[in-house]
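*Asks:* Input file: my_file_1.pdb. Contents: PDB, C-alpha atoms.
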```
ATOM      1  CA  MET F   1      26.440   8.872  -6.310
ATOM      2  CA  GLN F   2      24.974  11.605  -8.498
ATOM      3  CA  GLY F   3      23.955   9.031 -11.104
ATOM      4  CA  SER F   4      22.122   6.982  -8.484
ATOM      5  CA  ALA F   5      20.302  10.062  -7.216
ATOM      6  CA  ASP F   6      19.273  11.095 -10.740
ATOM      7  CA  GLU F   7      18.063   7.574 -11.509
ATOM      8  CA  ALA F   8      15.985   7.511  -8.333
ATOM      9  CA  ARG F   9      14.391  10.840  -9.220
ATOM     10  CA  GLN F  10      13.393   9.465 -12.623
ATOM     11  CA  SER F  11      12.414   5.859 -11.922
ATOM     12  CA  GLY F  12      11.825   5.762  -8.177
ATOM     13  CA  ALA F  13      13.488   3.775  -5.452
ATOM     14  CA  VAL F  14      12.911   1.709  -2.337
ATOM     15  CA  THR F  15      15.266   2.080   0.623
ATOM     16  CA  THR F  16      15.486   0.452   4.045
ATOM     17  CA  GLN F  17      17.268   1.756   7.122
ATOM     18  CA  VAL F  18      17.496  -0.270  10.334
ATOM     19  CA  GLU F  19      18.140   1.441  13.644
ATOM     20  CA  GLY F  20      17.159   0.553  17.187
ATOM     21  CA  GLY F  21      15.225  -2.513  16.089
ATOM     22  CA  VAL F  22      13.102  -0.508  13.612
ATOM     23  CA  ALA F  23      13.294  -1.113   9.850
ATOM     24  CA  ARG F  24      12.125   1.981   7.979
ATOM     25  CA  VAL F  25      11.118   0.987   4.459
ATOM     26  CA  GLU F  26      10.487   3.991   2.223
ATOM     27  CA  PHE F  27       9.434   4.148  -1.416
ATOM     28  CA  PHE F  28       9.483   7.086  -3.779
ATOM     29  CA  HIS F  29       8.412   7.721  -7.348
ATOM     30  CA  PRO F  30       8.413  11.115  -9.070
ATOM     31  CA  ARG F  31       4.905  10.553 -10.403
ATOM     32  CA  LYS F  32       3.031  11.056  -7.155
ATOM     33  CA  ASN F  33       4.552   7.948  -5.580
ATOM     34  CA  SER F  34       2.844   5.694  -8.081
ATOM     35  CA  LEU F  35       3.883   2.048  -8.086
ATOM     36  CA  PRO F  36       5.373   0.467 -11.214
ATOM     37  CA  ALA F  37       6.270  -3.204 -11.134
ATOM     38  CA  ALA F  38       9.902  -2.617 -10.132
ATOM     39  CA  LEU F  39       8.917  -0.636  -7.036
ATOM     40  CA  LEU F  40       6.281  -3.190  -6.069
ATOM     41  CA  ALA F  41       8.868  -5.955  -6.319
ATOM     42  CA  GLY F  42      11.399  -3.917  -4.362
ATOM     43  CA  LEU F  43       8.909  -3.206  -1.609
ATOM     44  CA  ALA F  44       7.870  -6.862  -1.332
ATOM     45  CA  ARG F  45      11.503  -7.949  -1.225
ATOM     46  CA  GLN F  46      12.590  -5.431   1.410
ATOM     47  CA  VAL F  47       9.552  -6.045   3.628
ATOM     48  CA  THR F  48      10.286  -9.776   3.425
ATOM     49  CA  GLU F  49      13.947  -9.237   4.264
ATOM     50  CA  ALA F  50      13.061  -7.015   7.222
ATOM     51  CA  GLY F  51      10.686  -9.696   8.459
ATOM     52  CA  ARG F  52      13.521 -12.255   8.405
ATOM     53  CA  ASP F  53      16.105  -9.977  10.042
ATOM     54  CA  ASP F  54      16.487 -10.930  13.705
ATOM     55  CA  SER F  55      17.687  -7.416  14.541
ATOM     56  CA  VAL F  56      14.359  -5.955  13.386
ATOM     57  CA  ARG F  57      11.448  -5.852  15.819
ATOM     58  CA  VAL F  58       9.039  -3.592  13.925
ATOM     59  CA  ILE F  59       8.691  -2.338  10.335
ATOM     60  CA  VAL F  60       7.610   1.184   9.329
ATOM     61  CA  LEU F  61       6.370   1.705   5.762
ATOM     62  CA  SER F  62       6.409   5.252   4.399
ATOM     63  CA  SER F  63       6.828   7.169   1.153
ATOM     64  CA  GLY F  64       8.949  10.144   0.210
ATOM     65  CA  GLY F  65       8.179  13.702  -0.812
ATOM     66  CA  ASP F  66       5.516  16.162   0.272
ATOM     67  CA  GLY F  67       2.738  15.118  -2.112
ATOM     68  CA  PRO F  68       0.563  11.993  -2.070
ATOM     69  CA  PHE F  69       1.394   8.961   0.026
ATOM     70  CA  CYS F  70       0.685   6.779  -2.987
ATOM     71  CA  ALA F  71      -1.123   7.339  -6.279
ATOM     72  CA  GLY F  72      -1.610   3.615  -6.859
ATOM     73  CA  ALA F  73      -0.712   1.687  -9.997
ATOM     74  CA  SER F  74       1.508   3.193 -12.682
ATOM     75  CA  PHE F  75      -0.688   4.368 -15.560
ATOM     76  CA  ASP F  76       2.239   3.969 -17.968
ATOM     77  CA  GLU F  77       2.538   0.287 -17.105
ATOM     78  CA  LEU F  78      -1.225  -0.241 -17.162
ATOM     79  CA  ALA F  79      -1.299   1.256 -20.652
ATOM     80  CA  ALA F  80       1.529  -1.055 -21.741
ATOM     81  CA  VAL F  81      -0.299  -4.254 -20.752
ATOM     82  CA  ASP F  82      -0.674  -6.256 -23.958
ATOM     83  CA  SER F  83      -2.288  -9.490 -22.787
ATOM     84  CA  PRO F  84      -4.336 -10.873 -19.897
ATOM     85  CA  GLU F  85      -1.215 -12.739 -18.779
ATOM     86  CA  SER F  86       0.957  -9.626 -18.593
ATOM     87  CA  GLY F  87      -1.911  -7.806 -16.898
ATOM     88  CA  LYS F  88      -2.172 -10.506 -14.273
ATOM     89  CA  GLU F  89       1.576 -10.364 -13.686
ATOM     90  CA  PHE F  90       1.450  -6.609 -13.123
ATOM     91  CA  PHE F  91      -1.330  -6.901 -10.548
ATOM     92  CA  MET F  92       0.472  -9.806  -8.907
ATOM     93  CA  GLY F  93       2.997  -7.162  -7.844
ATOM     94  CA  PHE F  94       0.375  -5.734  -5.498
ATOM     95  CA  ALA F  95      -0.642  -9.232  -4.408
ATOM     96  CA  ARG F  96       2.940 -10.192  -3.530
ATOM     97  CA  LEU F  97       3.456  -6.978  -1.568
ATOM     98  CA  ILE F  98       0.248  -7.466   0.426
ATOM     99  CA  LEU F  99       1.220 -11.069   1.158
ATOM    100  CA  ALA F 100       4.701  -9.952   2.271
ATOM    101  CA  MET F 101       3.172  -7.382   4.634
ATOM    102  CA  LYS F 102       0.756  -9.970   5.992
ATOM    103  CA  SER F 103       3.385 -12.681   6.395
ATOM    104  CA  ALA F 104       6.149 -10.643   8.016
ATOM    105  CA  PRO F 105       6.302 -11.836  11.671
ATOM    106  CA  LYS F 106       6.711  -8.247  12.848
ATOM    107  CA  PHE F 107       4.173  -5.493  13.318
ATOM    108  CA  LEU F 108       4.106  -3.244  10.267
ATOM    109  CA  LEU F 109       3.192   0.409  10.794
ATOM    110  CA  ALA F 110       2.202   2.687   7.926
ATOM    111  CA  ARG F 111       3.032   6.393   7.942
ATOM    112  CA  VAL F 112       0.500   7.958   5.567
ATOM    113  CA  HIS F 113       1.519  11.584   5.067
ATOM    114  CA  GLY F 114      -0.762  12.421   2.121
ATOM    115  CA  LYS F 115      -3.510  11.236  -0.187
ATOM    116  CA  ALA F 116      -3.854   7.537  -0.988
ATOM    117  CA  VAL F 117      -5.438   6.213  -4.165
ATOM    118  CA  GLY F 118      -6.226   2.641  -5.174
ATOM    119  CA  GLY F 119      -3.222   0.523  -4.297
ATOM    120  CA  GLY F 120      -2.167   3.173  -1.794
ATOM    121  CA  VAL F 121      -5.369   2.561   0.149
ATOM    122  CA  GLY F 122      -4.534  -1.128  -0.036
ATOM    123  CA  LEU F 123      -1.106  -0.547   1.514
ATOM    124  CA  ALA F 124      -2.602   1.421   4.401
ATOM    125  CA  ALA F 125      -5.183  -1.332   4.916
ATOM    126  CA  ALA F 126      -2.574  -4.112   4.775
ATOM    127  CA  ALA F 127      -0.538  -2.457   7.528
ATOM    128  CA  ASP F 128      -1.173  -3.652  11.065
ATOM    129  CA  TYR F 129      -1.502  -0.049  12.251
ATOM    130  CA  ALA F 130      -1.649   3.162  10.232
ATOM    131  CA  LEU F 131      -1.022   6.708  11.434
ATOM    132  CA  ALA F 132      -1.892   9.507   9.039
ATOM    133  CA  SER F 133      -1.929  13.188   8.290
ATOM    134  CA  ASP F 134      -5.291  14.894   8.332
ATOM    135  CA  ARG F 135      -4.637  15.515   4.619
ATOM    136  CA  ALA F 136      -4.570  11.778   3.885
ATOM    137  CA  ALA F 137      -7.804  11.532   1.914
ATOM    138  CA  VAL F 138      -8.575   8.224   0.205
ATOM    139  CA  LYS F 139     -10.322   6.910  -2.867
ATOM    140  CA  LEU F 140     -10.620   3.661  -4.772
ATOM    141  CA  SER F 141     -10.628   4.836  -8.389
ATOM    142  CA  GLU F 142     -10.377   1.443 -10.091
ATOM    143  CA  LEU F 143     -14.003   1.160 -11.217
ATOM    144  CA  ALA F 144     -13.700   4.517 -12.981
ATOM    145  CA  LEU F 145     -10.785   2.976 -14.895
ATOM    146  CA  GLY F 146     -12.884   0.048 -16.044
ATOM    147  CA  ILE F 147     -11.243  -2.388 -13.632
ATOM    148  CA  GLY F 148     -12.169  -2.678  -9.949
ATOM    149  CA  PRO F 149     -10.294  -2.814  -6.616
ATOM    150  CA  PHE F 150      -9.978  -6.586  -6.803
ATOM    151  CA  VAL F 151      -6.503  -7.219  -5.386
ATOM    152  CA  VAL F 152      -6.617  -4.616  -2.604
ATOM    153  CA  GLY F 153     -10.263  -5.391  -1.859
ATOM    154  CA  PRO F 154      -9.693  -8.111   0.765
ATOM    155  CA  CYS F 155      -7.401  -5.811   2.763
ATOM    156  CA  VAL F 156      -9.759  -2.860   2.592
ATOM    157  CA  GLU F 157     -12.824  -4.948   3.422
ATOM    158  CA  ARG F 158     -11.044  -6.619   6.324
ATOM    159  CA  LYS F 159     -10.013  -3.280   7.828
ATOM    160  CA  LEU F 160     -13.068  -1.111   7.090
ATOM    161  CA  GLY F 161     -15.866  -3.685   6.838
ATOM    162  CA  ARG F 162     -17.813  -4.796   3.781
ATOM    163  CA  GLY F 163     -20.239  -1.881   3.713
ATOM    164  CA  ASN F 164     -17.506   0.742   3.738
ATOM    165  CA  PHE F 165     -15.494  -1.177   1.154
ATOM    166  CA  MET F 166     -18.552  -1.317  -1.090
ATOM    167  CA  ALA F 167     -19.077   2.428  -0.696
ATOM    168  CA  LEU F 168     -15.465   3.200  -1.618
ATOM    169  CA  ALA F 169     -15.455   0.783  -4.545
ATOM    170  CA  LEU F 170     -18.773   1.937  -6.008
ATOM    171  CA  ASP F 171     -18.545   5.711  -5.507
ATOM    172  CA  THR F 172     -15.038   6.468  -6.728
ATOM    173  CA  GLY F 173     -14.797   9.988  -5.281
ATOM    174  CA  TRP F 174     -12.615  11.205  -2.440
ATOM    175  CA  ARG F 175     -13.287  10.501   1.249
ATOM    176  CA  ASP F 176     -11.444  12.731   3.685
ATOM    177  CA  ALA F 177      -9.003  11.435   6.275
ATOM    178  CA  GLY F 178     -11.568  11.838   9.045
ATOM    179  CA  TRP F 179     -13.927   9.453   7.226
ATOM    180  CA  ALA F 180     -11.101   6.911   6.899
ATOM    181  CA  CYS F 181     -10.089   7.266  10.546
ATOM    182  CA  ARG F 182     -13.617   6.883  11.894
ATOM    183  CA  ARG F 183     -13.976   3.649   9.930
ATOM    184  CA  GLY F 184     -10.726   2.113  11.105
ATOM    185  CA  LEU F 185      -8.312   2.563   8.216
ATOM    186  CA  TYR F 186      -6.249   5.008  10.278
ATOM    187  CA  ALA F 187      -5.697   4.681  14.010
ATOM    188  CA  ALA F 188      -5.079   8.415  14.523
ATOM    189  CA  LEU F 189      -4.691  11.652  12.549
ATOM    190  CA  PHE F 190      -2.165  14.464  12.961
ATOM    191  CA  GLU F 191      -2.275  18.099  11.863
ATOM    192  CA  ASP F 192       1.315  18.393  10.685
ATOM    193  CA  ARG F 193       4.185  16.225   9.539
ATOM    194  CA  GLU F 194       6.233  16.830  12.675
ATOM    195  CA  SER F 195       3.465  15.468  14.910
ATOM    196  CA  LEU F 196       2.922  12.499  12.607
ATOM    197  CA  ASP F 197       6.617  11.648  12.537
ATOM    198  CA  GLU F 198       6.919  11.990  16.305
ATOM    199  CA  ALA F 199       3.970   9.639  16.845
ATOM    200  CA  VAL F 200       5.296   7.039  14.393
ATOM    201  CA  HIS F 201       8.788   7.201  15.901
ATOM    202  CA  SER F 202       7.477   6.944  19.460
ATOM    203  CA  LEU F 203       5.216   3.960  18.770
ATOM    204  CA  ALA F 204       7.867   2.115  16.753
ATOM    205  CA  ALA F 205      10.448   2.653  19.513
ATOM    206  CA  ARG F 206       8.050   1.357  22.178
ATOM    207  CA  LEU F 207       7.174  -1.724  20.158
ATOM    208  CA  ALA F 208      10.846  -2.454  19.497
ATOM    209  CA  GLU F 209      11.324  -2.931  23.237
ATOM    210  CA  LEU F 210       8.585  -5.560  23.557
ATOM    211  CA  SER F 211       8.718  -9.338  23.263
ATOM    212  CA  PRO F 212       9.232 -10.360  19.607
ATOM    213  CA  GLU F 213       7.621 -13.735  20.324
ATOM    214  CA  ALA F 214       4.518 -12.118  21.767
ATOM    215  CA  MET F 215       4.254  -9.673  18.874
ATOM    216  CA  ALA F 216       4.659 -12.444  16.290
ATOM    217  CA  SER F 217       1.955 -14.490  18.002
ATOM    218  CA  LEU F 218      -0.384 -11.506  18.171
ATOM    219  CA  LYS F 219       0.207 -10.734  14.509
ATOM    220  CA  ARG F 220      -0.855 -14.293  13.629
ATOM    221  CA  VAL F 221      -4.051 -13.664  15.583
ATOM    222  CA  PHE F 222      -4.617 -10.386  13.738
ATOM    223  CA  TRP F 223      -4.452 -12.193  10.400
ATOM    224  CA  GLU F 224      -6.463 -15.303  11.251
ATOM    225  CA  GLY F 225      -8.806 -16.320   8.465
ATOM    226  CA  THR F 226      -6.529 -15.150   5.637
ATOM    227  CA  GLY F 227      -4.793 -18.456   4.950
ATOM    228  CA  ASP F 228      -6.336 -18.667   1.475
ATOM    229  CA  TRP F 229      -5.150 -15.242   0.340
ATOM    230  CA  ASP F 230      -2.367 -16.615  -1.881
ATOM    231  CA  ARG F 231      -5.009 -18.246  -4.060
ATOM    232  CA  LEU F 232      -7.575 -15.451  -3.639
ATOM    233  CA  LEU F 233      -5.232 -12.609  -4.597
ATOM    234  CA  GLU F 234      -3.951 -14.523  -7.597
ATOM    235  CA  GLN F 235      -7.530 -14.961  -8.796
ATOM    236  CA  ARG F 236      -8.168 -11.256  -8.244
ATOM    237  CA  ALA F 237      -4.994 -10.335 -10.149
ATOM    238  CA  ALA F 238      -6.152 -12.459 -13.075
ATOM    239  CA  GLU F 239      -9.520 -10.665 -13.116
ATOM    240  CA  SER F 240      -7.813  -7.265 -13.080
ATOM    241  CA  GLY F 241      -5.439  -8.392 -15.811
ATOM    242  CA  ARG F 242      -8.363  -9.415 -18.003
ATOM    243  CA  LEU F 243     -10.342  -6.216 -17.486
ATOM    244  CA  VAL F 244      -7.432  -3.815 -17.968
ATOM    245  CA  ARG F 245      -7.332  -4.922 -21.618
ATOM    246  CA  SER F 246     -10.960  -3.918 -22.219
ATOM    247  CA  GLU F 247     -11.721  -1.014 -24.529
ATOM    248  CA  HIS F 248     -13.309   0.936 -21.687
ATOM    249  CA  ALA F 249     -10.223   0.575 -19.510
ATOM    250  CA  ARG F 250      -7.851   1.469 -22.333
ATOM    251  CA  ARG F 251      -9.776   4.683 -23.090
ATOM    252  CA  ALA F 252      -9.974   5.687 -19.436
ATOM    253  CA  ILE F 253      -6.267   5.080 -18.810
ATOM    254  CA  ALA F 254      -5.294   6.947 -21.975
ATOM    255  CA  ALA F 255      -7.391   9.934 -20.926
ATOM    256  CA  LEU F 256      -5.731  10.068 -17.507
ATOM    257  CA  ARG F 257      -2.241   9.794 -18.996
ATOM    258  CA  ALA F 258      -3.028  12.710 -21.323
ATOM    259  CA  ARG F 259      -3.869  15.080 -18.451
TER     260      ARG F 259
END
```
Starting from the coordinates I provided, produce the structure as structure tokens.
*Replies:*
Amino acid sequence: MQGSADEARQSGAVTTQVEGGVARVEFFHPRKNSLPAALLAGLARQVTEAGRDDSVRVIVLSSGGDGPFCAGASFDELAAVDSPESGKEFFMGFARLILAMKSAPKFLLARVHGKAVGGGVGLAAAADYALASDRAAVKLSELALGIGPFVVGPCVERKLGRGNFMALALDTGWRDAGWACRRGLYAALFEDRESLDEAVHSLAARLAELSPEAMASLKRVFWEGTGDWDRLLEQRAAESGRLVRSEHARRAIAALRAR
């Protein structure tokens, strides 16, 4: 048991607990809840499994710790990309997770307790409903890295609108949680963790009592017009994989890793 705990503290982990019709999928990584390929794959797999589990009526996605909700892609793995093909495969991890969230025939709620960067913003946007702390500021930092928010872009644009997506993608600074809530990324904000957890628990419990058929049908309505996302996100992953090998991106990533 101690070995498993130590390993999780070093390399991160994804866990799922099912109770009362609610599957609580939580990820953790010691580096600000960043997402290396293994965690992305674990998240996609466990979201998919929860979607197929007849005992599950609703899925809650959260992250561990008291710091950021998600710092986005792992800089160590970005720095290790040695070809456009391996770069594409890394970014396909985000694509597969987004597609799993979209395809699960259950409502997926996001509990965003802290700051979200890059892929973390994408996770909040890919959720059907996100509740957040008033500390949950957001930014899309990809352009500053010499890449661009290509894979998460369709989710963010769909939730916030094209103009707001363009603003986030172009000006890579922070936007506070109030900005994100007013533009539809978050449904509501809470001043403390206890209030956030109570709201997430209450909503998930209420949804778990409703008709699974009706919720599945409504989710299909929510995601109408995204039938081509398998192809689109793969194309976007390929573009990210190409750009992450550029000299500009390599310098920017190296500088951030050295901080």
*Asks:* Give as a list in words every residue, naming chains and numbers as the document does, that has an atom within 9 Å of (-10.4, 1.2, 8.3), counting all atoms listed in the file.
*Replies:*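 Those residues lying close to the given coordinates are Ala124, Ala125, Val156, Glu157, Arg158, Lys159, Leu160, Gly161, Asn164, Ala180, Cys181, Arg182, Arg183, Gly184, Leu185, Tyr186 and Ala187 of chain F.
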*Asks:* Please report the interatomic distance between CA of Ser240 (chain F) and CA of Gly122 (chain F) in Å with one decimal.
*Replies:*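 CA of Gly122 (chain F) lies at a distance of 14.8 Å from CA of Ser240 (chain F).
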*Asks:* List as JSON, numbers by chain the protein and nucleic acid residues near Arg111 (chain F), meaning an atom at most 9 Å away when all atoms listed in the file are counted, but skip any in the same chain fewer than 4 places from it.
*Replies:* {"F": [60, 61, 62, 63, 69, 124, 129, 130, 131, 132, 133, 196, 197, 200]}
*Asks:* Just say which residues the PyMOL selection byres ((chain F and resi 36-49) around 7) picks in this file, as a PyMOL selection string.
*Replies:* chain F and resi 13-14+34-35+50-53+73-74+77+90+93-94+96-97+100-101+104
*Asks:* Report as a VMD selection string all protein, DNA and RNA residues lying within 8 Å of Leu207 (chain F), evaluated on all atoms listed in the file, omitting residues in the same chain fewer than 3 positions from it.
*Replies:* chain F and resid 57 to 58 203 to 204 210
*Asks:* Between F:Ala79, F:Ala126, F:Leu189, F:Ala71, which is the closest to Ala255 (chain F) once you count only C-alpha atoms?
*Replies:*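 Nearest candidate to Ala255 (chain F) out of F:Ala79, F:Ala126, F:Leu189, F:Ala71: F:Ala79.
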*Asks:* Put a box with edges along x, y and z around all the listed atoms of region 55-74 of chain F, pad it by 8 Å on each side, then give me its centre and sizes in Å, one decimal, as JSON.
*Replies:*
```
{"center_x": 8.0, "center_y": 4.4, "center_z": 1.6, "size_x": 35.3, "size_y": 39.6, "size_z": 44.5}
```
*Asks:* Return as a count of residues only the set of residues that the PyMOL selection byres ((chain F and resi 136) around 6) yields on the displayed structure.
*Replies:* 7
*Asks:* For CA of Ser11 (chain F) and CA of Gly64 (chain F), quote the distance in Å rounded to one decimal.
*Replies:*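 These two atoms are separated by 13.3 Å.
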*Asks:* Could you state the separation of CA of Leu109 (chain F) and CA of Ala237 (chain F) in Å, given to one decimal place?
*Replies:*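 So the two atoms, CA of Leu109 (chain F) and CA of Ala237 (chain F), lie 24.9 Å apart.
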*Asks:* Given the file shown, determine the residues that the PyMOL selection byres ((chain F and resi 228-236) around 9) selects; report them as a list of chain:residue names.
*Replies:*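 After applying the PyMOL selection byres ((chain F and resi 228-236) around 9), what remains is F:Lys88, F:Phe91, F:Met92, F:Phe94, F:Ala95, F:Arg96, F:Leu99, F:Pro149, F:Phe150, F:Val151, F:Val152, F:Gly153, F:Pro154, F:Gly225, F:Thr226, F:Gly227, F:Ala237, F:Ala238, F:Glu239, F:Ser240, F:Gly241.
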*Asks:* Hey, which of F:Glu26, F:Glu194, F:Asp171, F:Asp54 ends up closest to Ala208 (chain F)? Count only C-alpha atoms.
*Replies:*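 Nearest to Ala208 (chain F): F:Asp54.
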*Asks:* Just want the 8 Å neighbourhood of Ala144 (chain F), counted on all atoms listed in the file, with same-chain residues fewer than 4 positions away dropped. Output as a list in words.
*Replies:*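 Residues meeting the cut-off are Gly148, Thr172 and Ala252 of chain F.
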*Asks:* Which one of F:Gln17, F:Leu143, F:Val138, F:Lys102 sits closest to Val244 (chain F) if you count only C-alpha atoms?
*Replies:*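 The answer is F:Leu143, which sits nearest to Val244 (chain F).
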*Asks:* Skipping near chain neighbours, those fewer than 5 positions away, what residues fall within 12 Å of Ser211 (chain F) using all atoms listed in the file, listed as a ChimeraX atom specification?
*Replies:* /F:21,56-58,106-107,206,216-218
*Asks:* Pick the closest to Gly120 (chain F) from F:Ser103, F:Ser86, F:Thr16, F:Asn33: which is it, counting only C-alpha atoms?
*Replies:*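 That would be F:Asn33, the residue with the smallest distance to Gly120 (chain F).
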